[in-house]
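Student: Handing you a structure now.
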Amino acid sequence: MSEFVVELRGITKRFGTFTALDDVSVKVRPQSLHAIVGENGAGKTTLMRVLQGILKPDSGTIIVEGKEVHFLHAEDAYAMGISMVSQHYSIIPSLSCIQNLMLAAEPGAVINYTQAKQRASQLAERLGVEFDWDASAEGLGPAGSQKLEILKLLWRNSRIMILDEPTAMLSPADSTALYENLKKLAAEGATILVVTHRLPEVMTYCDEVTILRGGKWVGDRTVNETDVNELAELIVGKALADLPEHHPPKAGRANLSIQNLSVKGHRGDQAVKSVSFELNVGEVVGLAGVDGNGQKELFQAIVGVTPAMGGTIKIDASEEPTVAARVRKGLRLIPEDRHEEGVIDDWPLAENMVLGFQEFAPLADGRWINAKEQRMFADRVLARFNTKFSSPDAPIRSLSGGNQQRAVAARALEFDPKVILAFQPTRGLDIAGMRDVYMAIRDACDKGASALVVSFDLDELLQFCDRVLVMNRGQIYEPAPDMARDRAELGRLMVTT
Amino acid sequence: MAANVFVVNTLVMTVPMALAAIGGMFSERSGVMNIALEGKMLMGACTLALVGAATGNPWIALGAAMVVATIMSLIHAVLTQIYKLDHVVSGMAINALALGSAKFLSDKFLDASKQIAFLPMEVFVGLGLLIPFLTAAWLRWTRGGLRLMATGSDPEKCRQIGLEPVKVRYESLIVTGVLCGIAGSAIVTNAGQFGEYVTAGKGFMALAALILGGWRPLPTLLACLGFGVTQALQLQLQGSHLMGASLPSEAWNATPYLVTLLALIVLGAKNRAPAGLGKP
Amino acid sequence: MNWRLSVLVVAVVALLGVAIMSTQVPPATVFKTLFEGSLGSASRISDSLKEITPLLIAGIAVFVALQAGLFNIGAEGQLILGALSGVLVAQRIPGAAGWVLGSLAGMVVGGLWALPAALIKVYRNGHEVISTIMLNNIALLLGSAMVNGPFKGKLSGAPTTDPLDKGSMIPALMIGNLRISLAIFVGLALAIGIAIWIRKSVRGFELRAVGANLRAAEFAGVEAKRVMIRAMVASGALAGLAGSFQSLGYEGRFYPDFSPGYGFDALGVALLAGTNPWGILPAAAVFGILNKGSSALTIEGVPKGITGILLGLLIIVFAAVRYRESKASGS
């Protein structure tokens, strides 16, 4: 028997030209709680999908319990006792708890529910939890769903359990309870891999930790021999070079003023908790944070597509009720999900460039579209970042992702913007494109606009923004002035509490 | 006596709707929106008449009706799952195809001088009342039933845990076809003859019953019974002087649709419909 | 063309081939009969135009809703009630005002009949296909009840309204035996008007945006709910107009089997046209000519159902090709 229960050696995985994992190796001791930490996009989830047999690595070997394995499907890994609780639970709310527990691993063609419930209750007892098995899973809530997901692993006799961001949706008390259960399972023989951002949890409960950054292995630590500061630094890395000169924000009027804004999340919880901040004229403000901490809901509320539960949103000192009115006031967007929110895939490029400005003169004369002006406008927008396209009449879908993103970013800078809301504006762009987009945002801000940039990449924000705020669990934190550009401090705000 | 006739009429009206509605339940629970029940039933009805007249064997006729309706249903499956056609568009196309084919085939090949061999109506009544209960038990107690419910609720999560929604849909649409074949056969058996008007919107009433029943077999059967009662009442009251006889027959016929429309307004549909309806 | 589409086309052609061969009528004769039966003489062309008019206008109706992302399966019901109300108004108002007000009444009733489906869709999240199917069946029964009951004509024992005075009907242009109703000109004007409006107006732009990507339209400042309600009601009004034009321009009365399914064929027309408004007229012409020509086919021994088969298959092939197109130009 090997010293390690799972060994991943030199795993490389590419998606097209993008290398998601570059020669990553991880060794996991039996009966340990092993954490995999890193920023969004560091490759943690990709690595776990390789281990789970969902993705095939381009190179590298997987060794489970001393034997080299080649997973072709998820079932192969599953047969080896490896299974995962995804960050997005697989609980189906319209089914009962017992049905969810068994689904895809039913005891037979005909189900004996009495026996099934007996076994389920025994498993739950091992975990020290209780379930009303016949109740619908709808009312479970995040903590209950999480417990049920873990019971699903037990039901399937998993020995190697992977949990992806298990506490992302849990309260601190529920998180503690979860880790105590995981400890118990490890003591009984299970090996547990936890993918997480939250370093205090790692420090308190895990045995070992592997750090990934940008698809590369950065280090392994035994938890007893490290601390939060060292881990935070390993996660965000060191500054590569001196940052370019920053324009100091011109003090004065606020283009965007948010007071006590609260927004409901799609799970019915409060995703944004009474936040207040202002964007001053000329400022480019970064909003750092781990994905899923309320950035999306904040963004949608400012746009006006999601109603606020309370608080005020003022653009250029006035509250506007509709999206259209806010756009007229100068609100511009680079939305999070381009295909869902930003463009109409089937539409020609030219019409997509007009989207949002359809009523603006000279693109329209009152009720009628001025096709010539629309065309000239589209040409101008597309020229800004050298978007590569065959014809403005081709559907935007025919462009590469990077070129689509260039077009969407360019569109947001038109018609004298006042407030530019950008959600990961450089997604899919190379370094040159990234610089182009930020320089253009900065340019617009020099002319009197303000920008709020949401990104999961702290380096990018530090490089291009005047000021960086941190969003964590629905609240916004601003680092103390002397720490404003300190990546370790920002990292701490992102991943602690 | 009148009461007996009333019960018989109710059952005879209910049964084809119930069979088609349960067929629709399989389809919609697997995620395929099905406005083509009418067409599938019509093909079943047409086949029963053709084969029943040609062979004189009612069992062969019933088998053929089930096969042909199943072929229609499989075409539906291929169009939605392989060709990714919109479920409404493909449903409309299946209905048009079925109506055209039924007209064509019955005009060309149905020999009016030959007697169609029929099974006793009791067979269909028995099946129509039994199948909803069997379906309810199957949904409740078997692996297949559980997976069907899961697929209709969230195909994406099902994929996440290793199930195959597309396979479930093919299997379900086969069941839909078989049940619509029986339903069409029941209609022709009751009518004693075939014409392209014979299904008379029963496929759409079945859809209405399915919605009213919240996509669950026994409430759906109950809704069908309710519709059957209104239709039997209408037959009963024709020419009588009882209360309600002054109402035009159309008012009785419209009741199922009105009730369903009201239910849509009062309850809303989305909360109770399979959440995965129409999803890839 | 990829193999899946090839398989589909081969299957469709084979199916049609088998159907025609089973009739033992030579295919050339089938096509010749279809053509001559619909366009072979002035009176046949007049009859074809009578079929094309409602298909064109109702086709526009379905097209408008479809552009906003809504399936108006209810065109049939809206058309029937539009036809009935058109006749009822025109019966009571003599002269040209009869058909003008009758047509307007048809539009109003058609629009109102579509309204519940729009409201259920927007505020109750109920699928418009289900609600319009229900509304269709109610409309059919309502139409039948009206002419069996309160509005049954005195001149005939059959369930029908009395015929209209010639004077309150939509006038027609006569060129020899060729009769071209003003209705078809209005239909053409509408087709052109809608094509321009949907491509050139700001509201048309917004309507298309809602249909193509509801969420992106909302992010672009479009009030999607309002747009959807208006589109559905406009669609109902146009379908109602198709019905009232048919009763006031051609039939001169209303009876229960008034429509052989114009509203359903209109859905086929709109699906064939796809996103191109200029495709509605040719699509309506194809459907109308096939409908008319199929009567001639019956005499030759090819059952009328063949056109239903053909139309169903056409919809399938067009829808499949369109999906492939949109996939092919992606990625």
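Following the order of the structure tokens, first chain is A, next is B, and so on, with residues numbered from 1 inside each chain and ligands from 1 in the order they appear.
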Show me, as a VMD selection string, the residues of chain B whose atoms get within 7 Å of chain C, using only C-alpha atoms for the distance check.
Tutor: chain B and resid 83 85 90 93 to 94 96 to 97 99 to 101 103 to 104 107 to 108 248 250 254 257 261 264 to 265 268 to 270
Student: Near range 122-134 of chain B, within 7 Å and counting only C-alpha atoms, which residues show up once chain neighbours fewer than 4 positions away are dropped, as a list in words?
Tutor: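 Listed by chain and then number, they are Leu11, Val12, Val15, Pro16, Ala18, Leu19, Ile22, Trp138, Ala186, Pro217, Leu218 and Leu221 of chain B.
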Student: Those same residues - C-alpha atoms - I'd like them written as an mmCIF file, in the first residue's frame.
Tutor:
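File produced: result-v3.cif:
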data_model
loop_
_atom_site.group_PDB
_atom_site.id
_atom_site.type_symbol
_atom_site.label_atom_id
_atom_site.label_comp_id
_atom_site.auth_asym_id
_atom_site.auth_seq_id
_atom_site.Cartn_x
_atom_site.Cartn_y
_atom_site.Cartn_z
ATOM 1 C CA LEU B 11 -66.674 6.243 -19.118
ATOM 2 C CA VAL B 12 -66.728 6.052 -22.886
ATOM 3 C CA VAL B 15 -61.240 6.715 -21.434
ATOM 4 C CA PRO B 16 -59.623 7.950 -24.670
ATOM 5 C CA ALA B 18 -57.299 9.518 -19.995
ATOM 6 C CA LEU B 19 -55.119 7.256 -22.141
ATOM 7 C CA ILE B 22 -51.234 9.668 -19.474
ATOM 8 C CA TRP B 138 -44.794 2.925 -11.423
ATOM 9 C CA ALA B 186 -60.913 3.398 -28.306
ATOM 10 C CA PRO B 217 -51.614 10.468 -13.163
ATOM 11 C CA LEU B 218 -54.512 10.199 -10.725
ATOM 12 C CA LEU B 221 -57.590 10.845 -14.558
#
Student: Would you list which chain C residues are within 10 Å of chain A using only C-alpha atoms, as a ChimeraX atom specification?
Tutor: /C:197,199-206,208-223,326-331
Student: Write out as a ChimeraX atom specification the set of residues from range 232-403 of chain A that DSSP, computed on the backbone, places in alpha helix (DSSP H).
Tutor: /A:232-236,295-303,323-329,349-354,371-384,401-403
Student: Rounded to one decimal place, report the CA of Ala137 in chain B-CA of Trp215 in chain B distance in Å.
Tutor: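 It comes out at 14.4 Å.
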Student: Could you pull the residues within 6 Å of Pro57 in chain A, counting only C-alpha atoms, minus those fewer than 2 positions along the same chain, as a list of chain:residue names?
Tutor: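 The contact residues come out as A:Thr12, A:Lys13, A:Ser59.
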Student: Chain A residues within 7 Å of chain B, counting only C-alpha atoms: which ones, as a list in words?
Tutor: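 Using only C-alpha atoms, chain A residues at most 7 Å from chain B: Ser90, Ile92, Ser94, Leu103, Ala104, Glu106, Gly108, Ala109, Val110 and Ile111 of chain A.
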Student: Output N, CA and C atoms for every residue in the selection just made, as a CSV table (one decimal), in the first residue's frame.
Tutor:
chain,number,residue,atom,x,y,z
A,90,SER,N,-26.7,19.1,-6.8
A,90,SER,CA,-27.5,18.3,-7.8
A,90,SER,C,-28.8,17.9,-7.2
A,92,ILE,N,-32.6,17.9,-6.6
A,92,ILE,CA,-33.8,18.3,-7.4
A,92,ILE,C,-34.9,18.6,-6.5
A,94,SER,N,-38.1,19.1,-6.6
A,94,SER,CA,-39.4,18.6,-6.7
A,94,SER,C,-39.5,17.1,-6.2
A,103,LEU,N,-31.3,8.7,-6.3
A,103,LEU,CA,-31.3,8.9,-7.7
A,103,LEU,C,-30.0,8.6,-8.4
A,104,ALA,N,-30.1,7.8,-9.4
A,104,ALA,CA,-28.9,7.3,-10.2
A,104,ALA,C,-28.1,6.2,-9.5
A,106,GLU,N,-30.1,3.7,-7.5
A,106,GLU,CA,-31.2,3.1,-6.8
A,106,GLU,C,-30.8,1.6,-6.5
A,108,GLY,N,-32.6,-1.0,-6.8
A,108,GLY,CA,-33.1,-2.0,-7.7
A,108,GLY,C,-34.2,-1.4,-8.6
A,109,ALA,N,-34.7,-2.2,-9.6
A,109,ALA,CA,-35.7,-1.7,-10.5
A,109,ALA,C,-37.0,-1.3,-9.8
A,110,VAL,N,-37.3,-2.1,-8.8
A,110,VAL,CA,-38.5,-1.7,-7.9
A,110,VAL,C,-37.8,-1.3,-6.6
A,111,ILE,N,-38.3,-0.2,-6.1
A,111,ILE,CA,-37.7,0.4,-4.9
A,111,ILE,C,-38.5,0.1,-3.7
Student: Near range 192-204 of chain B, counting only C-alpha atoms, which residues have an atom at most 8 Å away, once you skip same-chain residues fewer than 3 positions from it, shown as a JSON list (two decimals) with N, CA, C and O atoms, in the first residue's frame?
Tutor:
[["chain", "number", "residue", "atom", "x", "y", "z"],
["B", 16, "PRO", "N", -60.65, 7.54, -23.70],
["B", 16, "PRO", "CA", -59.62, 7.95, -24.67],
["B", 16, "PRO", "C", -58.81, 9.15, -24.17],
["B", 16, "PRO", "O", -57.60, 9.21, -24.34],
["B", 17, "MET", "N", -59.50, 10.10, -23.54],
["B", 17, "MET", "CA", -58.80, 11.27, -23.00],
["B", 17, "MET", "C", -57.78, 10.84, -21.96],
["B", 17, "MET", "O", -56.65, 11.32, -21.95],
["B", 20, "ALA", "N", -54.73, 9.16, -23.57],
["B", 20, "ALA", "CA", -53.88, 10.13, -24.25],
["B", 20, "ALA", "C", -53.19, 11.04, -23.23],
["B", 20, "ALA", "O", -52.02, 11.41, -23.38],
["B", 21, "ALA", "N", -53.92, 11.42, -22.19],
["B", 21, "ALA", "CA", -53.35, 12.33, -21.19],
["B", 21, "ALA", "C", -52.19, 11.66, -20.45],
["B", 21, "ALA", "O", -51.16, 12.29, -20.21],
["B", 35, "ILE", "N", -47.88, 18.89, -27.92],
["B", 35, "ILE", "CA", -49.18, 19.34, -28.40],
["B", 35, "ILE", "C", -49.63, 18.44, -29.56],
["B", 35, "ILE", "O", -50.56, 18.76, -30.27],
["B", 36, "ALA", "N", -48.93, 17.31, -29.74],
["B", 36, "ALA", "CA", -49.22, 16.44, -30.88],
["B", 36, "ALA", "C", -50.00, 15.19, -30.47],
["B", 36, "ALA", "O", -50.08, 14.24, -31.24],
["B", 37, "LEU", "N", -50.60, 15.20, -29.26],
["B", 37, "LEU", "CA", -51.37, 14.03, -28.83],
["B", 37, "LEU", "C", -52.52, 13.77, -29.81],
["B", 37, "LEU", "O", -52.81, 12.63, -30.16],
["B", 38, "GLU", "N", -53.14, 14.86, -30.26],
["B", 38, "GLU", "CA", -54.26, 14.75, -31.19],
["B", 38, "GLU", "C", -53.83, 13.99, -32.45],
["B", 38, "GLU", "O", -54.50, 13.06, -32.88],
["B", 39, "GLY", "N", -52.71, 14.41, -33.01],
["B", 39, "GLY", "CA", -52.24, 13.78, -34.24],
["B", 39, "GLY", "C", -51.89, 12.32, -34.04],
["B", 39, "GLY", "O", -52.22, 11.47, -34.87],
["B", 41, "MET", "N", -53.07, 10.29, -31.77],
["B", 41, "MET", "CA", -54.32, 9.54, -31.58],
["B", 41, "MET", "C", -55.01, 9.30, -32.91],
["B", 41, "MET", "O", -55.52, 8.22, -33.18],
["B", 42, "LEU", "N", -55.02, 10.34, -33.74],
["B", 42, "LEU", "CA", -55.70, 10.25, -35.03],
["B", 42, "LEU", "C", -55.05, 9.15, -35.89],
["B", 42, "LEU", "O", -55.74, 8.36, -36.53],
["B", 45, "ALA", "N", -56.18, 5.89, -34.55],
["B", 45, "ALA", "CA", -57.57, 5.64, -34.93],
["B", 45, "ALA", "C", -57.66, 5.19, -36.37],
["B", 45, "ALA", "O", -58.35, 4.21, -36.71],
["B", 46, "CYS", "N", -56.96, 5.89, -37.23],
["B", 46, "CYS", "CA", -57.00, 5.60, -38.66],
["B", 46, "CYS", "C", -56.47, 4.18, -38.93],
["B", 46, "CYS", "O", -57.06, 3.41, -39.70],
["B", 49, "ALA", "N", -58.87, 1.43, -37.95],
["B", 49, "ALA", "CA", -59.95, 1.27, -38.91],
["B", 49, "ALA", "C", -59.45, 0.53, -40.15],
["B", 49, "ALA", "O", -60.08, -0.44, -40.62],
["B", 99, "LEU", "N", -52.92, 14.58, -39.68],
["B", 99, "LEU", "CA", -54.23, 14.88, -40.27],
["B", 99, "LEU", "C", -54.20, 14.59, -41.77],
["B", 99, "LEU", "O", -55.11, 13.95, -42.31],
["B", 102, "ALA", "N", -53.97, 10.78, -42.29],
["B", 102, "ALA", "CA", -55.22, 10.09, -41.97],
["B", 102, "ALA", "C", -56.26, 10.30, -43.07],
["B", 102, "ALA", "O", -56.95, 9.37, -43.48],
["B", 103, "LYS", "N", -56.33, 11.54, -43.56],
["B", 103, "LYS", "CA", -57.26, 11.83, -44.66],
["B", 103, "LYS", "C", -56.88, 11.01, -45.88],
["B", 103, "LYS", "O", -57.71, 10.36, -46.52],
["B", 106, "SER", "N", -57.35, 7.12, -45.33],
["B", 106, "SER", "CA", -58.74, 6.66, -45.23],
["B", 106, "SER", "C", -59.47, 6.88, -46.55],
["B", 106, "SER", "O", -60.28, 6.05, -46.96],
["B", 116, "ILE", "N", -65.34, -3.12, -39.99],
["B", 116, "ILE", "CA", -64.14, -3.04, -39.17],
["B", 116, "ILE", "C", -64.30, -3.99, -38.00],
["B", 116, "ILE", "O", -65.37, -4.02, -37.37],
["B", 184, "GLY", "N", -56.67, 6.24, -29.60],
["B", 184, "GLY", "CA", -57.31, 6.40, -30.92],
["B", 184, "GLY", "C", -58.19, 5.21, -31.24],
["B", 184, "GLY", "O", -59.30, 5.35, -31.77],
["B", 187, "ILE", "N", -61.47, 5.43, -29.52],
["B", 187, "ILE", "CA", -62.39, 6.39, -30.12],
["B", 187, "ILE", "C", -63.11, 5.77, -31.31],
["B", 187, "ILE", "O", -64.34, 5.87, -31.45],
["B", 188, "VAL", "N", -62.34, 5.11, -32.19],
["B", 188, "VAL", "CA", -62.97, 4.50, -33.37],
["B", 188, "VAL", "C", -63.92, 3.38, -32.96],
["B", 188, "VAL", "O", -65.00, 3.21, -33.52],
["B", 189, "THR", "N", -63.50, 2.61, -31.97],
["B", 189, "THR", "CA", -64.34, 1.51, -31.50],
["B", 189, "THR", "C", -65.69, 2.04, -31.02],
["B", 189, "THR", "O", -66.74, 1.49, -31.33],
["B", 207, "LEU", "N", -54.59, 17.19, -23.12],
["B", 207, "LEU", "CA", -53.54, 18.11, -22.70],
["B", 207, "LEU", "C", -54.05, 19.02, -21.58],
["B", 207, "LEU", "O", -53.37, 19.26, -20.58],
["B", 208, "ALA", "N", -55.29, 19.48, -21.75],
["B", 208, "ALA", "CA", -55.90, 20.32, -20.71],
["B", 208, "ALA", "C", -56.01, 19.55, -19.39],
["B", 208, "ALA", "O", -55.68, 20.07, -18.33],
["C", 133, "ILE", "N", -54.43, 27.36, -27.32],
["C", 133, "ILE", "CA", -55.15, 26.14, -27.75],
["C", 133, "ILE", "C", -56.53, 26.12, -27.08],
["C", 133, "ILE", "O", -57.55, 25.84, -27.71],
["C", 134, "MET", "N", -56.55, 26.44, -25.77],
["C", 134, "MET", "CA", -57.83, 26.48, -25.06],
["C", 134, "MET", "C", -58.75, 27.54, -25.67],
["C", 134, "MET", "O", -59.93, 27.30, -25.92]]
